[in-house]
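Enquirer: Sharing a structure, written as structure tokens. Questions coming.
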Amino acid sequence: MDKIKQKIQELIQNNPKCFSSMVKKNQEMWNWVQHNSKIQTGKISEIIYSAISHESNICVNGNKKRFISINDGFGYCGLTKNCLCAQIEISKKVSKAKANRTQQEIGAENKKREQTILSKTNGTATNNGQTAYAKQKHKEFYDNEENVKKVVKKQQDTLMSRYGVSNSNKIHIPQESLDILDDKEKFRILIDKKFYYGYIRRIANFRFGSL
Ligand SMILES: [Zn+2]
């Protein structure tokens, strides 16, 4: 390791309040700092930090980053929370924090999540799938014959309004249509009538590959 760099780091450690002026007064150290720093103007501590870390104070979008301290280095660029550099830093910190979670912390988080669901479901469930509470409600609903009748009626009404029948088995597809669905040549004729083109073409491609 660079001897001067090491000296400067020791000096910072021993004089956290006044290292800046001490480094600047030491000709050898200050020359080294100016030679190695990626920034030329700003606070002395900032210039020293850059020399040691080889970090620049300019963010990916060319904005000037805020200097936090000799130990914490640069933060995000000053003006905007929306700058990419801030987002990058934050996501780095989040994934680092996640990676650093101990098994104990993960356990505690899971426990907390379970507690939340427990309190929301009156103590009947601990996961977010179909909860015991929801299952019970479903069973109660379908145990009531009136409810079942209502559901069936609703399905029948839907079928009636769409297809004019009350049972899906009764939906009638004319034989003529079924023949066309099975016959490539009949399809070809239909497609020749441009009127049918787009829709029939899609069905034909689906059934026969391209015609
Ligand atoms: Zn930025």
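Chain identifiers are assigned as A, B, and so on, following the order in which chains appear in the structure tokens; residues are numbered from 1 within each chain, and ligands are numbered from 1 in order of appearance.
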Please identify the residues whose atoms come within 7 Å of ligand 1, using only C-alpha atoms and all ligand atoms, and report them as a PDB file with N, CA and C atoms, in the first residue's frame.

Expert:
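Output saved as pocket-v4.pdb:
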ATOM      1  N   CYS A  59     -22.088  12.139 -10.526  1.00  0.00           N
ATOM      2  CA  CYS A  59     -22.949  10.966 -10.649  1.00  0.00           C
ATOM      3  C   CYS A  59     -23.110  10.555 -12.111  1.00  0.00           C
ATOM      4  N   VAL A  60     -23.802   9.416 -12.332  1.00  0.00           N
ATOM      5  CA  VAL A  60     -23.963   8.885 -13.687  1.00  0.00           C
ATOM      6  C   VAL A  60     -24.614   9.883 -14.648  1.00  0.00           C
ATOM      7  N   ASN A  61     -25.383  10.802 -14.093  1.00  0.00           N
ATOM      8  CA  ASN A  61     -26.042  11.792 -14.950  1.00  0.00           C
ATOM      9  C   ASN A  61     -25.295  13.111 -14.999  1.00  0.00           C
ATOM     10  N   GLY A  62     -24.081  13.096 -14.489  1.00  0.00           N
ATOM     11  CA  GLY A  62     -23.265  14.302 -14.566  1.00  0.00           C
ATOM     12  C   GLY A  62     -23.577  15.343 -13.507  1.00  0.00           C
ATOM     13  N   ASN A  63     -24.377  14.957 -12.514  1.00  0.00           N
ATOM     14  CA  ASN A  63     -24.658  15.903 -11.420  1.00  0.00           C
ATOM     15  C   ASN A  63     -23.645  15.719 -10.302  1.00  0.00           C
ATOM     16  N   LYS A  65     -22.430  15.041  -6.703  1.00  0.00           N
ATOM     17  CA  LYS A  65     -22.934  14.320  -5.536  1.00  0.00           C
ATOM     18  C   LYS A  65     -22.661  15.103  -4.261  1.00  0.00           C
ATOM     19  N   TYR A  76     -25.944  10.917  -2.778  1.00  0.00           N
ATOM     20  CA  TYR A  76     -26.515  11.096  -4.108  1.00  0.00           C
ATOM     21  C   TYR A  76     -26.245  12.512  -4.574  1.00  0.00           C
ATOM     22  N   CYS A  77     -26.548  12.749  -5.840  1.00  0.00           N
ATOM     23  CA  CYS A  77     -26.407  14.115  -6.320  1.00  0.00           C
ATOM     24  C   CYS A  77     -27.447  14.977  -5.618  1.00  0.00           C
ATOM     25  N   CYS A  83     -32.949  11.061  -9.492  1.00  0.00           N
ATOM     26  CA  CYS A  83     -31.778  10.783 -10.310  1.00  0.00           C
ATOM     27  C   CYS A  83     -31.421   9.299 -10.216  1.00  0.00           C
ATOM     28  N   LEU A  84     -30.991   8.764 -11.344  1.00  0.00           N
ATOM     29  CA  LEU A  84     -30.608   7.357 -11.418  1.00  0.00           C
ATOM     30  C   LEU A  84     -29.588   6.988 -10.347  1.00  0.00           C
ATOM     31  N   CYS A  85     -28.681   7.893 -10.070  1.00  0.00           N
ATOM     32  CA  CYS A  85     -27.633   7.574  -9.094  1.00  0.00           C
ATOM     33  C   CYS A  85     -28.227   7.261  -7.730  1.00  0.00           C
ATOM     34  N   ALA A  86     -29.285   7.994  -7.367  1.00  0.00           N
ATOM     35  CA  ALA A  86     -29.941   7.737  -6.089  1.00  0.00           C
ATOM     36  C   ALA A  86     -30.588   6.364  -6.107  1.00  0.00           C
TER      37      ALA A  86
END

Enquirer: Find the residues near Trp30 in chain A: any atom within 10 Å, counting only C-alpha atoms, skip ones fewer than 5 places away on the same chain, and give them as a list in words.

Expert: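 Within the cut-off, the hits are Ile4, Ile8, Ser20, Ser21, Met22, Val23, Lys24, Lys25, His35, Asn36, Ile44, Ile47 and Ile48 of chain A.
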
Enquirer: Could you please take those selected residues and save C-alpha atoms as a tab-separated table (two decimals), in the first residue's frame?

Expert:
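Output file part_12.tsv follows:
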chain	number	residue	atom	x	y	z
A	4	ILE	CA	1.62	8.36	2.12
A	8	ILE	CA	-3.02	10.18	5.68
A	20	SER	CA	-8.14	18.57	6.62
A	21	SER	CA	-5.88	21.44	7.60
A	22	MET	CA	-3.21	19.04	8.82
A	23	VAL	CA	-3.07	17.27	5.47
A	24	LYS	CA	-3.07	20.53	3.58
A	25	LYS	CA	-0.19	21.89	5.65
A	35	HIS	CA	-2.20	14.14	-7.65
A	36	ASN	CA	-4.64	11.32	-6.80
A	44	ILE	CA	-10.59	19.82	1.45
A	47	ILE	CA	-10.74	16.19	-2.12
A	48	ILE	CA	-8.88	14.00	0.37

Enquirer: For Ser56 in chain A, work out the shell of residues within 10 Å, counting only C-alpha atoms and skipping chain neighbours fewer than 4 positions away, then give it as a PyMOL selection string.

Expert: chain A and resi 37-39+46-47+49-51+64-65+74

Enquirer: Next, the residues of the selection above should be written as a compact mmCIF listing (two decimals), in the first residue's frame with N, CA and C atoms.

Expert:
# COMPACT_ATOMS: atom_id res chain seq x y z
N SER A 37 -6.50 12.82 -6.37
CA SER A 37 -7.92 13.12 -6.25
C SER A 37 -8.57 13.27 -7.62
N LYS A 38 -9.80 12.83 -7.73
CA LYS A 38 -10.54 13.00 -8.98
C LYS A 38 -11.29 14.32 -9.00
N ILE A 39 -11.24 15.06 -7.89
CA ILE A 39 -11.89 16.38 -7.89
C ILE A 39 -10.89 17.45 -7.47
N GLU A 46 -13.33 16.57 1.13
CA GLU A 46 -13.89 15.93 -0.04
C GLU A 46 -12.78 15.53 -1.02
N ILE A 47 -11.85 16.45 -1.21
CA ILE A 47 -10.74 16.19 -2.12
C ILE A 47 -9.86 15.06 -1.57
N TYR A 49 -10.91 12.66 0.44
CA TYR A 49 -11.69 11.42 0.31
C TYR A 49 -11.54 10.83 -1.09
N SER A 50 -11.66 11.70 -2.07
CA SER A 50 -11.57 11.25 -3.46
C SER A 50 -10.20 10.66 -3.77
N ALA A 51 -9.15 11.29 -3.20
CA ALA A 51 -7.79 10.79 -3.43
C ALA A 51 -7.62 9.38 -2.85
N LYS A 64 -23.49 16.79 -9.53
CA LYS A 64 -22.53 16.74 -8.44
C LYS A 64 -23.15 16.02 -7.23
N LYS A 65 -22.43 15.04 -6.70
CA LYS A 65 -22.93 14.32 -5.54
C LYS A 65 -22.66 15.10 -4.26
N PHE A 74 -19.41 9.95 -0.60
CA PHE A 74 -20.43 10.72 -1.30
C PHE A 74 -21.80 10.06 -1.19

Enquirer: Of the candidates A:Ile12, A:Ile90, A:Ser166, A:Glu28, which one gets nearest to Ile52 in chain A if we count only C-alpha atoms?

Expert: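 Closest to Ile52 in chain A of all the choices is A:Ile12.
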
Enquirer: Rank nothing, just name the residue among A:Gln40, A:Ile203, A:Asn71, A:Ser95 nearest to Gln13 in chain A, using only C-alpha atoms.

Expert: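 Nearest candidate to Gln13 in chain A out of A:Gln40, A:Ile203, A:Asn71, A:Ser95: A:Asn71.
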
Enquirer: Check the smallest atom-to-atom distance from each of A:Phe208, A:Lys120, A:Leu181, A:Ile70 to Gln9 in chain A using only C-alpha atoms, then report the winner.

Expert: A:Ile70

Enquirer: If you measure from CA of Cys18 in chain A to CA of Val33 in chain A, what distance in Å do you get, rounded to one decimal?

Expert: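 Separation between CA of Cys18 in chain A and CA of Val33 in chain A: 16.0 Å.
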
Enquirer: So that I can see what lies close to Ile180 in chain A, please list as an MDAnalysis selection string the residues with an atom at most 12 Å from it, counting only C-alpha atoms and leaving out residues fewer than 2 positions away in the same chain.

Expert: chainID A and resid 173:178 182:191 200 203:204 207:208

Enquirer: From a DSSP pass on the backbone, collect the residues of chain A flagged as strand (DSSP E) and hand them back as a list in words.

Expert: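 Of chain A, only Lys65, Arg66, Phe67, Ile68, Ser69, Gly73, Phe74, Gly75, Tyr76 and Cys77 of chain A fall in strand (DSSP E).
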
Enquirer: Those same residues, written as a tab-separated table (two decimals), in the first residue's frame with C-alpha atoms?

Expert:
chain	number	residue	atom	x	y	z
A	65	LYS	CA	-22.93	14.32	-5.54
A	66	ARG	CA	-23.34	15.49	-1.97
A	67	PHE	CA	-20.34	14.86	0.27
A	68	ILE	CA	-21.35	13.24	3.54
A	69	SER	CA	-18.14	12.71	5.47
A	73	GLY	CA	-17.99	9.41	1.28
A	74	PHE	CA	-20.43	10.72	-1.30
A	75	GLY	CA	-24.19	10.42	-1.20
A	76	TYR	CA	-26.51	11.10	-4.11
A	77	CYS	CA	-26.41	14.11	-6.32

Enquirer: Please indicate the distance in Å from CA of Ala108 in chain A to CA of Tyr133 in chain A, rounded to one decimal place.

Expert: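 Between CA of Ala108 in chain A and CA of Tyr133 in chain A the gap is 24.2 Å.
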